[in-house]
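entry.pdb follows; it contains PDB, C-alpha atoms, pLDDT in the B column.
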```pdb
ATOM      1  CA  MET E   1    -180.652 101.895  43.523  1.00 72.00           C
ATOM      2  CA  LYS E   2    -178.986 103.743  40.657  1.00 82.00           C
ATOM      3  CA  LYS E   3    -181.263 104.261  37.680  1.00 89.00           C
ATOM      4  CA  PRO E   4    -180.199 102.435  34.523  1.00 95.00           C
ATOM      5  CA  SER E   5    -178.651 104.592  31.836  1.00 96.00           C
ATOM      6  CA  VAL E   6    -177.062 104.249  28.402  1.00 97.00           C
ATOM      7  CA  GLU E   7    -174.367 106.548  27.060  1.00 97.00           C
ATOM      8  CA  LEU E   8    -173.367 107.055  23.436  1.00 97.00           C
ATOM      9  CA  LYS E   9    -170.526 109.017  21.901  1.00 95.00           C
ATOM     10  CA  LEU E  10    -171.150 109.855  18.259  1.00 95.00           C
ATOM     11  CA  PRO E  11    -168.622 111.250  15.805  1.00 93.00           C
ATOM     12  CA  ILE E  12    -169.941 113.949  13.483  1.00 92.00           C
ATOM     13  CA  LEU E  13    -170.345 111.824  10.365  1.00 92.00           C
ATOM     14  CA  PRO E  14    -173.278 111.411   7.965  1.00 92.00           C
ATOM     15  CA  ASN E  15    -176.273 109.482   9.332  1.00 95.00           C
ATOM     16  CA  MET E  16    -174.707 108.833  12.762  1.00 96.00           C
ATOM     17  CA  GLU E  17    -178.066 109.899  14.204  1.00 97.00           C
ATOM     18  CA  LEU E  18    -179.369 106.481  13.177  1.00 98.00           C
ATOM     19  CA  ILE E  19    -177.106 104.861  15.762  1.00 97.00           C
ATOM     20  CA  ALA E  20    -178.936 106.955  18.357  1.00 98.00           C
ATOM     21  CA  THR E  21    -182.349 105.858  17.071  1.00 98.00           C
ATOM     22  CA  GLN E  22    -181.332 102.199  17.004  1.00 98.00           C
ATOM     23  CA  THR E  23    -180.350 102.554  20.648  1.00 98.00           C
ATOM     24  CA  SER E  24    -183.570 104.354  21.559  1.00 98.00           C
ATOM     25  CA  GLU E  25    -185.595 101.615  19.871  1.00 97.00           C
ATOM     26  CA  VAL E  26    -183.914  98.950  21.993  1.00 98.00           C
ATOM     27  CA  ILE E  27    -184.547 101.017  25.132  1.00 97.00           C
ATOM     28  CA  ALA E  28    -188.164 101.603  24.075  1.00 96.00           C
ATOM     29  CA  ARG E  29    -188.686  97.860  23.719  1.00 96.00           C
ATOM     30  CA  HIS E  30    -187.138  97.324  27.147  1.00 95.00           C
ATOM     31  CA  MET E  31    -189.511  99.936  28.593  1.00 95.00           C
ATOM     32  CA  ASN E  32    -192.472  98.450  26.698  1.00 94.00           C
ATOM     33  CA  LEU E  33    -193.293 101.761  25.016  1.00 95.00           C
ATOM     34  CA  THR E  34    -195.947 102.002  22.332  1.00 94.00           C
ATOM     35  CA  GLU E  35    -195.023 102.097  18.639  1.00 95.00           C
ATOM     36  CA  ASP E  36    -196.182 105.727  18.457  1.00 96.00           C
ATOM     37  CA  GLN E  37    -193.969 106.780  21.354  1.00 97.00           C
ATOM     38  CA  THR E  38    -191.006 104.883  19.950  1.00 97.00           C
ATOM     39  CA  GLY E  39    -191.394 106.697  16.636  1.00 97.00           C
ATOM     40  CA  GLU E  40    -191.782 110.081  18.305  1.00 98.00           C
ATOM     41  CA  ILE E  41    -188.610 109.556  20.300  1.00 98.00           C
ATOM     42  CA  SER E  42    -186.742 108.487  17.146  1.00 98.00           C
ATOM     43  CA  ILE E  43    -187.679 111.583  15.148  1.00 98.00           C
ATOM     44  CA  ALA E  44    -187.009 113.955  18.073  1.00 98.00           C
ATOM     45  CA  LEU E  45    -183.643 112.306  18.633  1.00 98.00           C
ATOM     46  CA  ILE E  46    -182.729 112.526  14.945  1.00 98.00           C
ATOM     47  CA  GLU E  47    -183.507 116.238  14.944  1.00 97.00           C
ATOM     48  CA  ALA E  48    -181.568 116.897  18.144  1.00 97.00           C
ATOM     49  CA  CYS E  49    -178.551 115.021  16.741  1.00 97.00           C
ATOM     50  CA  ILE E  50    -178.698 116.842  13.405  1.00 95.00           C
ATOM     51  CA  ASN E  51    -178.843 120.193  15.214  1.00 93.00           C
ATOM     52  CA  ALA E  52    -175.853 119.170  17.291  1.00 94.00           C
ATOM     53  CA  PHE E  53    -173.941 117.974  14.210  1.00 92.00           C
ATOM     54  CA  GLU E  54    -174.755 120.985  12.044  1.00 85.00           C
ATOM     55  CA  HIS E  55    -174.861 123.889  14.420  1.00 76.00           C
ATOM     56  CA  SER E  56    -172.198 123.080  16.965  1.00 71.00           C
ATOM     57  CA  GLN E  57    -169.551 124.122  14.399  1.00 71.00           C
ATOM     58  CA  THR E  58    -166.926 121.854  15.899  1.00 72.00           C
ATOM     59  CA  ASP E  59    -165.431 118.480  15.060  1.00 75.00           C
ATOM     60  CA  ASN E  60    -165.985 117.229  18.599  1.00 83.00           C
ATOM     61  CA  ASN E  61    -168.142 114.230  19.374  1.00 93.00           C
ATOM     62  CA  VAL E  62    -171.775 114.489  20.371  1.00 95.00           C
ATOM     63  CA  PHE E  63    -172.777 112.700  23.557  1.00 96.00           C
ATOM     64  CA  ILE E  64    -176.178 111.157  24.160  1.00 98.00           C
ATOM     65  CA  ASN E  65    -177.355 109.984  27.552  1.00 98.00           C
ATOM     66  CA  PHE E  66    -180.495 107.922  28.009  1.00 98.00           C
ATOM     67  CA  LEU E  67    -181.798 107.812  31.571  1.00 98.00           C
ATOM     68  CA  ILE E  68    -184.425 105.144  32.199  1.00 97.00           C
ATOM     69  CA  GLU E  69    -186.836 106.219  34.945  1.00 96.00           C
ATOM     70  CA  GLU E  70    -189.837 104.455  36.401  1.00 92.00           C
ATOM     71  CA  ASP E  71    -192.347 106.602  34.530  1.00 94.00           C
ATOM     72  CA  SER E  72    -190.294 108.281  31.825  1.00 97.00           C
ATOM     73  CA  LEU E  73    -187.326 108.215  29.491  1.00 98.00           C
ATOM     74  CA  ILE E  74    -184.998 111.203  29.667  1.00 98.00           C
ATOM     75  CA  ILE E  75    -182.587 111.817  26.787  1.00 98.00           C
ATOM     76  CA  LYS E  76    -179.788 114.376  26.855  1.00 98.00           C
ATOM     77  CA  VAL E  77    -178.029 115.356  23.621  1.00 97.00           C
ATOM     78  CA  ILE E  78    -174.835 117.207  24.435  1.00 96.00           C
ATOM     79  CA  ASP E  79    -172.542 118.988  22.027  1.00 94.00           C
ATOM     80  CA  GLN E  80    -169.416 121.010  22.669  1.00 90.00           C
ATOM     81  CA  GLY E  81    -170.120 123.663  20.087  1.00 89.00           C
ATOM     82  CA  ILE E  82    -170.501 127.405  20.184  1.00 87.00           C
ATOM     83  CA  GLY E  83    -174.036 127.413  21.585  1.00 88.00           C
ATOM     84  CA  PHE E  84    -177.156 129.131  20.267  1.00 85.00           C
ATOM     85  CA  ASP E  85    -179.792 131.592  21.406  1.00 84.00           C
ATOM     86  CA  LYS E  86    -183.154 129.845  21.360  1.00 83.00           C
ATOM     87  CA  THR E  87    -185.008 133.163  21.534  1.00 84.00           C
ATOM     88  CA  LYS E  88    -183.647 133.982  18.064  1.00 83.00           C
ATOM     89  CA  VAL E  89    -185.047 130.797  16.541  1.00 83.00           C
ATOM     90  CA  GLU E  90    -188.267 131.569  14.678  1.00 83.00           C
ATOM     91  CA  ILE E  91    -191.194 129.166  14.871  1.00 87.00           C
ATOM     92  CA  PRO E  92    -191.440 127.820  11.309  1.00 90.00           C
ATOM     93  CA  LYS E  93    -194.682 127.943   9.330  1.00 91.00           C
ATOM     94  CA  ILE E  94    -195.054 126.315   5.960  1.00 93.00           C
ATOM     95  CA  GLU E  95    -197.136 129.274   4.765  1.00 91.00           C
ATOM     96  CA  ASN E  96    -194.060 131.453   5.181  1.00 89.00           C
ATOM     97  CA  LYS E  97    -191.824 129.021   3.329  1.00 89.00           C
ATOM     98  CA  ILE E  98    -193.817 128.207   0.194  1.00 88.00           C
ATOM     99  CA  GLY E  99    -193.780 130.575  -2.778  1.00 82.00           C
ATOM    100  CA  LYS E 100    -191.702 133.200  -1.046  1.00 78.00           C
ATOM    101  CA  GLY E 101    -188.200 132.055  -1.812  1.00 75.00           C
ATOM    102  CA  GLU E 102    -187.653 131.303   1.861  1.00 80.00           C
ATOM    103  CA  ARG E 103    -185.291 128.630   3.123  1.00 84.00           C
ATOM    104  CA  LYS E 104    -187.341 125.466   3.574  1.00 86.00           C
ATOM    105  CA  ARG E 105    -185.342 124.084   6.484  1.00 89.00           C
ATOM    106  CA  GLY E 106    -185.394 125.047  10.176  1.00 90.00           C
ATOM    107  CA  TRP E 107    -187.947 122.584  11.606  1.00 95.00           C
ATOM    108  CA  GLY E 108    -185.801 120.716  14.125  1.00 95.00           C
ATOM    109  CA  LEU E 109    -186.729 122.485  17.367  1.00 95.00           C
ATOM    110  CA  GLN E 110    -190.393 122.588  16.416  1.00 96.00           C
ATOM    111  CA  LEU E 111    -190.465 118.826  15.821  1.00 98.00           C
ATOM    112  CA  ILE E 112    -188.623 118.078  19.054  1.00 98.00           C
ATOM    113  CA  GLN E 113    -191.049 120.200  21.076  1.00 97.00           C
ATOM    114  CA  GLU E 114    -194.117 118.712  19.408  1.00 97.00           C
ATOM    115  CA  LEU E 115    -193.006 115.106  19.737  1.00 98.00           C
ATOM    116  CA  MET E 116    -191.646 115.051  23.294  1.00 98.00           C
ATOM    117  CA  ASP E 117    -193.477 115.745  26.565  1.00 97.00           C
ATOM    118  CA  SER E 118    -190.928 118.281  27.754  1.00 97.00           C
ATOM    119  CA  VAL E 119    -187.776 119.832  26.328  1.00 97.00           C
ATOM    120  CA  GLU E 120    -185.156 122.028  27.967  1.00 97.00           C
ATOM    121  CA  PHE E 121    -182.234 123.789  26.325  1.00 95.00           C
ATOM    122  CA  GLU E 122    -179.078 124.869  28.116  1.00 95.00           C
ATOM    123  CA  SER E 123    -176.629 126.637  25.884  1.00 93.00           C
ATOM    124  CA  ASN E 124    -173.529 128.742  26.270  1.00 92.00           C
ATOM    125  CA  SER E 125    -170.235 129.250  24.477  1.00 90.00           C
ATOM    126  CA  ASP E 126    -169.007 125.841  25.692  1.00 89.00           C
ATOM    127  CA  GLY E 127    -171.835 123.878  24.153  1.00 92.00           C
ATOM    128  CA  THR E 128    -175.491 122.964  24.188  1.00 94.00           C
ATOM    129  CA  THR E 129    -177.439 120.351  26.119  1.00 96.00           C
ATOM    130  CA  VAL E 130    -180.930 119.440  24.961  1.00 97.00           C
ATOM    131  CA  THR E 131    -182.873 117.488  27.591  1.00 98.00           C
ATOM    132  CA  MET E 132    -185.957 115.712  26.264  1.00 98.00           C
ATOM    133  CA  LYS E 133    -188.456 113.748  28.313  1.00 98.00           C
ATOM    134  CA  LYS E 134    -191.070 111.225  27.237  1.00 97.00           C
ATOM    135  CA  ILE E 135    -193.642 110.124  29.791  1.00 96.00           C
ATOM    136  CA  ILE E 136    -194.298 106.411  29.449  1.00 90.00           C
ATOM    137  CA  ASN E 137    -197.521 104.992  28.032  1.00 74.00           C
ATOM    138  CA  LYS E 138    -196.915 101.282  28.327  1.00 66.00           C
ATOM    139  CA  LYS E 139    -198.366  98.839  25.805  1.00 65.00           C
ATOM    140  CA  HIS E 140    -201.230  96.787  27.177  1.00 60.00           C
TER     141      HIS E 140
ATOM    142  CA  MET A   1    -180.467 105.750  -9.561  1.00 64.00           C
ATOM    143  CA  SER A   2    -180.144 106.221  -5.792  1.00 81.00           C
ATOM    144  CA  SER A   3    -180.695 103.105  -3.681  1.00 93.00           C
ATOM    145  CA  PHE A   4    -183.331 105.164  -1.848  1.00 97.00           C
ATOM    146  CA  ILE A   5    -185.523 104.926  -4.956  1.00 98.00           C
ATOM    147  CA  LYS A   6    -186.809 101.386  -5.085  1.00 97.00           C
ATOM    148  CA  ASN A   7    -188.987 101.799  -8.148  1.00 97.00           C
ATOM    149  CA  THR A   8    -190.542 104.405 -10.429  1.00 97.00           C
ATOM    150  CA  LYS A   9    -193.544 103.751 -12.597  1.00 97.00           C
ATOM    151  CA  GLU A  10    -196.231 105.701 -14.425  1.00 96.00           C
ATOM    152  CA  PHE A  11    -199.953 105.108 -14.504  1.00 94.00           C
ATOM    153  CA  ASN A  12    -202.470 107.380 -16.277  1.00 93.00           C
ATOM    154  CA  GLN A  13    -200.022 110.307 -16.395  1.00 95.00           C
ATOM    155  CA  ILE A  14    -199.244 109.874 -12.692  1.00 97.00           C
ATOM    156  CA  VAL A  15    -195.633 109.226 -11.671  1.00 98.00           C
ATOM    157  CA  ILE A  16    -195.408 106.807  -8.753  1.00 98.00           C
ATOM    158  CA  ILE A  17    -192.109 106.736  -6.864  1.00 98.00           C
ATOM    159  CA  GLU A  18    -191.458 103.976  -4.346  1.00 98.00           C
ATOM    160  CA  THR A  19    -188.873 104.737  -1.665  1.00 98.00           C
ATOM    161  CA  ASP A  20    -186.797 102.493   0.553  1.00 98.00           C
ATOM    162  CA  GLY A  21    -184.972 103.636   3.686  1.00 97.00           C
ATOM    163  CA  TYR A  22    -184.189 106.855   5.500  1.00 98.00           C
ATOM    164  CA  LEU A  23    -185.612 110.062   4.009  1.00 98.00           C
ATOM    165  CA  ASN A  24    -182.675 112.389   4.664  1.00 97.00           C
ATOM    166  CA  ASN A  25    -181.163 115.040   2.406  1.00 96.00           C
ATOM    167  CA  GLU A  26    -179.903 112.415  -0.049  1.00 97.00           C
ATOM    168  CA  GLY A  27    -183.275 110.673  -0.140  1.00 98.00           C
ATOM    169  CA  GLY A  28    -185.081 113.962  -0.637  1.00 97.00           C
ATOM    170  CA  GLU A  29    -182.738 114.931  -3.440  1.00 97.00           C
ATOM    171  CA  ALA A  30    -183.259 111.551  -5.106  1.00 98.00           C
ATOM    172  CA  ILE A  31    -187.019 112.161  -5.133  1.00 98.00           C
ATOM    173  CA  SER A  32    -186.662 115.746  -6.336  1.00 98.00           C
ATOM    174  CA  ALA A  33    -184.302 114.733  -9.152  1.00 98.00           C
ATOM    175  CA  ILE A  34    -186.958 112.402 -10.541  1.00 98.00           C
ATOM    176  CA  CYS A  35    -189.774 114.924 -10.051  1.00 98.00           C
ATOM    177  CA  TYR A  36    -187.897 117.785 -11.709  1.00 97.00           C
ATOM    178  CA  GLU A  37    -186.914 115.593 -14.653  1.00 97.00           C
ATOM    179  CA  LYS A  38    -190.505 114.444 -15.097  1.00 98.00           C
ATOM    180  CA  ILE A  39    -191.821 118.021 -14.756  1.00 97.00           C
ATOM    181  CA  LYS A  40    -189.528 119.015 -17.627  1.00 97.00           C
ATOM    182  CA  CYS A  41    -191.201 116.268 -19.657  1.00 96.00           C
ATOM    183  CA  GLY A  42    -194.652 117.606 -18.837  1.00 96.00           C
ATOM    184  CA  GLN A  43    -195.630 115.334 -15.945  1.00 96.00           C
ATOM    185  CA  HIS A  44    -197.384 117.186 -13.119  1.00 97.00           C
ATOM    186  CA  LYS A  45    -198.829 114.505 -10.832  1.00 98.00           C
ATOM    187  CA  PHE A  46    -196.640 112.588  -8.389  1.00 98.00           C
ATOM    188  CA  LEU A  47    -197.340 109.955  -5.763  1.00 98.00           C
ATOM    189  CA  ILE A  48    -194.749 108.677  -3.315  1.00 98.00           C
ATOM    190  CA  ASN A  49    -195.138 105.151  -1.949  1.00 98.00           C
ATOM    191  CA  MET A  50    -193.379 105.374   1.410  1.00 98.00           C
ATOM    192  CA  ALA A  51    -193.991 101.837   2.645  1.00 98.00           C
ATOM    193  CA  GLY A  52    -190.246 101.274   2.842  1.00 98.00           C
ATOM    194  CA  THR A  53    -189.504 104.523   4.680  1.00 98.00           C
ATOM    195  CA  LYS A  54    -189.992 104.194   8.415  1.00 96.00           C
ATOM    196  CA  VAL A  55    -187.884 107.153   9.456  1.00 97.00           C
ATOM    197  CA  VAL A  56    -187.392 110.668   8.102  1.00 98.00           C
ATOM    198  CA  ASN A  57    -185.600 113.837   9.046  1.00 98.00           C
ATOM    199  CA  SER A  58    -186.684 117.428   8.573  1.00 97.00           C
ATOM    200  CA  ILE A  59    -184.031 118.092   5.938  1.00 97.00           C
ATOM    201  CA  GLY A  60    -185.390 115.343   3.703  1.00 97.00           C
ATOM    202  CA  VAL A  61    -188.976 116.473   4.287  1.00 98.00           C
ATOM    203  CA  SER A  62    -187.966 120.080   3.537  1.00 97.00           C
ATOM    204  CA  ILE A  63    -186.979 118.936   0.062  1.00 97.00           C
ATOM    205  CA  LEU A  64    -190.544 117.690  -0.404  1.00 97.00           C
ATOM    206  CA  ILE A  65    -191.652 121.262   0.437  1.00 97.00           C
ATOM    207  CA  GLU A  66    -189.398 122.472  -2.395  1.00 96.00           C
ATOM    208  CA  ILE A  67    -191.095 120.001  -4.737  1.00 97.00           C
ATOM    209  CA  ILE A  68    -194.541 121.231  -3.630  1.00 97.00           C
ATOM    210  CA  GLU A  69    -193.442 124.780  -4.389  1.00 95.00           C
ATOM    211  CA  LYS A  70    -192.163 123.759  -7.820  1.00 96.00           C
ATOM    212  CA  LEU A  71    -195.401 121.939  -8.574  1.00 97.00           C
ATOM    213  CA  GLN A  72    -197.448 125.010  -7.678  1.00 95.00           C
ATOM    214  CA  GLU A  73    -195.749 126.771 -10.605  1.00 94.00           C
ATOM    215  CA  VAL A  74    -197.074 124.175 -13.055  1.00 96.00           C
ATOM    216  CA  ASP A  75    -200.429 123.515 -11.387  1.00 96.00           C
ATOM    217  CA  GLY A  76    -199.258 120.071 -10.382  1.00 97.00           C
ATOM    218  CA  LYS A  77    -199.738 118.023  -7.239  1.00 97.00           C
ATOM    219  CA  ILE A  78    -198.026 115.475  -5.052  1.00 98.00           C
ATOM    220  CA  GLY A  79    -199.373 112.909  -2.616  1.00 98.00           C
ATOM    221  CA  TYR A  80    -198.071 110.104  -0.438  1.00 98.00           C
ATOM    222  CA  PHE A  81    -199.345 106.691   0.612  1.00 98.00           C
ATOM    223  CA  ASN A  82    -198.366 103.787   2.868  1.00 98.00           C
ATOM    224  CA  LEU A  83    -196.891 106.132   5.481  1.00 98.00           C
ATOM    225  CA  ALA A  84    -195.744 104.909   8.890  1.00 97.00           C
ATOM    226  CA  PRO A  85    -197.731 106.716  11.624  1.00 97.00           C
ATOM    227  CA  ILE A  86    -194.704 108.749  12.769  1.00 98.00           C
ATOM    228  CA  VAL A  87    -193.940 109.826   9.187  1.00 98.00           C
ATOM    229  CA  SER A  88    -197.537 110.955   8.788  1.00 98.00           C
ATOM    230  CA  LYS A  89    -197.322 112.840  12.091  1.00 98.00           C
ATOM    231  CA  THR A  90    -194.084 114.536  11.010  1.00 98.00           C
ATOM    232  CA  PHE A  91    -195.712 115.645   7.748  1.00 98.00           C
ATOM    233  CA  ASN A  92    -198.620 117.072   9.767  1.00 98.00           C
ATOM    234  CA  ILE A  93    -196.376 118.997  12.155  1.00 97.00           C
ATOM    235  CA  MET A  94    -194.415 120.473   9.252  1.00 97.00           C
ATOM    236  CA  GLY A  95    -197.622 121.437   7.461  1.00 97.00           C
ATOM    237  CA  LEU A  96    -197.160 119.354   4.317  1.00 97.00           C
ATOM    238  CA  THR A  97    -200.741 118.168   4.584  1.00 97.00           C
ATOM    239  CA  LYS A  98    -201.937 121.734   3.907  1.00 96.00           C
ATOM    240  CA  TYR A  99    -200.391 121.628   0.444  1.00 97.00           C
ATOM    241  CA  SER A 100    -200.350 117.924  -0.414  1.00 97.00           C
ATOM    242  CA  THR A 101    -202.291 114.821   0.544  1.00 97.00           C
ATOM    243  CA  VAL A 102    -201.572 111.702   2.560  1.00 98.00           C
ATOM    244  CA  PHE A 103    -203.535 108.652   1.389  1.00 98.00           C
ATOM    245  CA  ALA A 104    -203.883 105.342   3.163  1.00 98.00           C
ATOM    246  CA  THR A 105    -203.359 103.166   0.100  1.00 98.00           C
ATOM    247  CA  GLU A 106    -202.225 103.314  -3.513  1.00 97.00           C
ATOM    248  CA  GLU A 107    -205.804 102.623  -4.591  1.00 97.00           C
ATOM    249  CA  ASP A 108    -207.090 105.641  -2.629  1.00 97.00           C
ATOM    250  CA  ALA A 109    -204.301 107.811  -4.016  1.00 98.00           C
ATOM    251  CA  LEU A 110    -204.833 106.797  -7.639  1.00 97.00           C
ATOM    252  CA  GLY A 111    -208.588 107.218  -7.259  1.00 96.00           C
ATOM    253  CA  ALA A 112    -208.179 110.778  -6.015  1.00 96.00           C
ATOM    254  CA  PHE A 113    -205.491 111.719  -8.544  1.00 95.00           C
ATOM    255  CA  ASN A 114    -207.488 110.315 -11.471  1.00 90.00           C
ATOM    256  CA  GLU A 115    -210.542 112.457 -10.686  1.00 80.00           C
TER     257      GLU A 115
END
```

Conversion result in structure tokens:
Amino acid sequence: MKKPSVELKLPILPNMELIATQTSEVIARHMNLTEDQTGEISIALIEACINAFEHSQTDNNVFINFLIEEDSLIIKVIDQGIGFDKTKVEIPKIENKIGKGERKRGWGLQLIQELMDSVEFESNSDGTTVTMKKIINKKH
Amino acid sequence: MSSFIKNTKEFNQIVIIETDGYLNNEGGEAISAICYEKIKCGQHKFLINMAGTKVVNSIGVSILIEIIEKLQEVDGKIGYFNLAPIVSKTFNIMGLTKYSTVFATEEDALGAFNE
């Protein structure tokens, strides 16, 4: 049987990431996920959407696919931007950002990796796909 | 005042800002505008009641890092209370808890800031 999935197409407009989190919350309830997991998915999804909105440097839509599996939720955030080189993204540390005139932003990838169970990035000049997976801990 | 700021009050030289909704860049800037104005007036202690903020993004939280940096210049401090678990976790991942404090309740926060 085909696994259930949900697809979203988001225009690049302010706060559109909240449409993605509202959808993930409904899916999380359907999958009986814990409150902690639901929150972790929301923040990771927000960050992935913001990266797609800000860094894709296009006016194209961002696509989000939720794939509901037996033991996990897989979320793909797909943009059609110019791509990025993950190896050039520095791991942020607050010690390097406070009192040194450094830019305070740049936490998105770090948050996504900390909050999800696995994350994969595929990026080239046609766009970027971030695939995030959360293993299910069902509420008792 | 931004709709993100639900209320601002002062107690024993401590500014308490109550937020409502999504802490994004606009929310962060609304908090920082109040903090910077109060710093100009000599206030150096800030508490944020985040009971109404269930979701944040890293841009909004980064503005809190800017406020922490500003407060270091005046020997001030900032703390937060009534955080949703995921907001607290986000603050931990971003390292805010190394330079500011998360309290469970307003009572705990005021107790610590009044010491």

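Between Thr8 in chain A and the residues A:Gly27, A:His44, A:Asn49, A:Leu83, the shortest atom-to-atom distance, using only C-alpha atoms, involves A:Asn49.
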
* To do: Apply the PyMOL selection byres ((chain A) within 6 of (chain E)) to the displayed file and report the matching residues as number ranges by chain.
  => A: 62, 69, 86, 95

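If all atoms listed in the file are the atoms counted, then among E:Lys76, E:Ser56, E:Leu33, E:Glu25 the closest residue to Glu7 in chain E is E:Lys76.
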
Please report, as JSON, the centre and edge lengths in Å to one decimal of an axis-aligned box covering all listed atoms of range 21-29 of chain E with 3 Å per side.
```
{"center_x": -184.5, "center_y": 101.9, "center_z": 21.1, "size_x": 14.3, "size_y": 14.0, "size_z": 14.1}
```

* Given the file shown, determine the residues that the PyMOL selection byres ((chain E and resi 58) around 12) selects; report them as a VMD selection string. => chain E and resid 11 to 13 52 to 57 59 to 62 79 to 83 125 to 128

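Each of A:Gly111, A:Thr105, A:Gln13, A:Lys89 was checked against Cys41 in chain A using only C-alpha atoms; the smallest atom-to-atom distance is that of A:Gln13.
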
* Please indicate the distance in Å from CA of Ile93 in chain A to CA of Lys134 in chain E, rounded to one decimal place. =>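 Separating CA of Ile93 in chain A from CA of Lys134 in chain E is a distance of 17.8 Å.
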
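Residue nearest Leu71 in chain A within the list A:Ala109, A:Ile31, A:Ser2, A:Lys45: A:Lys45 [criterion: smallest interatomic distance, all atoms listed in the file].
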
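Straight-line separation from CA of Leu64 in chain A to CA of Gly76 in chain A: 13.5 Å.
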
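Comparing E:Phe84, E:Ile135, E:Glu70, E:Glu90 by their smallest distance to Asn51 in chain E, the closest is E:Phe84 (using all atoms listed in the file).
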
* To do: Could you check which of E:Val130, E:Ile136, E:Ile27, E:Leu10 is closest to Ser72 in chain E, using all atoms listed in the file?
  =>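 Checking each of E:Val130, E:Ile136, E:Ile27, E:Leu10 against Ser72 in chain E, counting all atoms listed in the file, the winner is E:Ile136.
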
* Asked: Rounded to one decimal in Å, what is the spacing between CA of Asn114 in chain A and CA of Asn12 in chain A?
  ->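 Separation of CA of Asn114 in chain A and CA of Asn12 in chain A: 7.5 Å.
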
* What do you get, as an NGL selection string, if you spell out every residue that the PyMOL selection byres ((chain A and resi 51) around 9) selects here? -> :A and (18-20 or 49-50 or 52-54 or 81-84)

* **Shell of 12 Å around Lys77 in chain A, only C-alpha atoms, local chain residues under 6 positions omitted, as a PyMOL selection string** => chain A and resi 13-15+35+39+43-48+64-65+67-71+96-102+109+112-114

Taking the structure I provided as the source, export range 32-74 of chain A with C-alpha atoms, as a CSV table (one decimal), in the first residue's frame.
```csv
chain,number,residue,atom,x,y,z
A,32,SER,CA,15.1,44.9,21.6
A,33,ALA,CA,13.4,48.3,21.0
A,34,ILE,CA,12.1,48.2,24.6
A,35,CYS,CA,15.3,47.0,26.1
A,36,TYR,CA,17.5,49.6,24.3
A,37,GLU,CA,15.1,52.4,25.3
A,38,LYS,CA,15.1,51.2,28.9
A,39,ILE,CA,18.9,50.9,28.9
A,40,LYS,CA,19.2,54.5,27.8
A,41,CYS,CA,17.1,55.4,30.9
A,42,GLY,CA,19.4,53.4,33.1
A,43,GLN,CA,17.6,50.1,33.5
A,44,HIS,CA,19.9,47.1,33.3
A,45,LYS,CA,17.8,44.1,34.4
A,46,PHE,CA,15.3,42.5,32.0
A,47,LEU,CA,13.0,39.5,32.3
A,48,ILE,CA,10.9,38.1,29.4
A,49,ASN,CA,7.7,36.3,30.2
A,50,MET,CA,7.4,33.9,27.3
A,51,ALA,CA,4.2,32.1,28.3
A,52,GLY,CA,2.5,33.3,25.1
A,53,THR,CA,5.3,32.3,22.8
A,54,LYS,CA,5.2,28.7,21.8
A,55,VAL,CA,7.3,28.9,18.7
A,56,VAL,CA,10.5,30.8,17.8
A,57,ASN,CA,13.0,31.0,15.0
A,58,SER,CA,16.7,31.5,15.1
A,59,ILE,CA,16.5,35.0,13.7
A,60,GLY,CA,14.3,36.2,16.5
A,61,VAL,CA,16.5,34.4,19.1
A,62,SER,CA,19.6,35.9,17.5
A,63,ILE,CA,18.3,39.3,18.4
A,64,LEU,CA,18.2,38.2,22.0
A,65,ILE,CA,21.9,37.5,21.6
A,66,GLU,CA,22.4,41.1,20.5
A,67,ILE,CA,20.6,42.3,23.6
A,68,ILE,CA,22.8,40.1,25.8
A,69,GLU,CA,25.8,41.6,24.1
A,70,LYS,CA,24.5,45.1,24.7
A,71,LEU,CA,23.8,44.3,28.4
A,72,GLN,CA,27.3,43.1,28.9
A,73,GLU,CA,28.5,46.7,28.1
A,74,VAL,CA,26.4,48.0,31.0
```
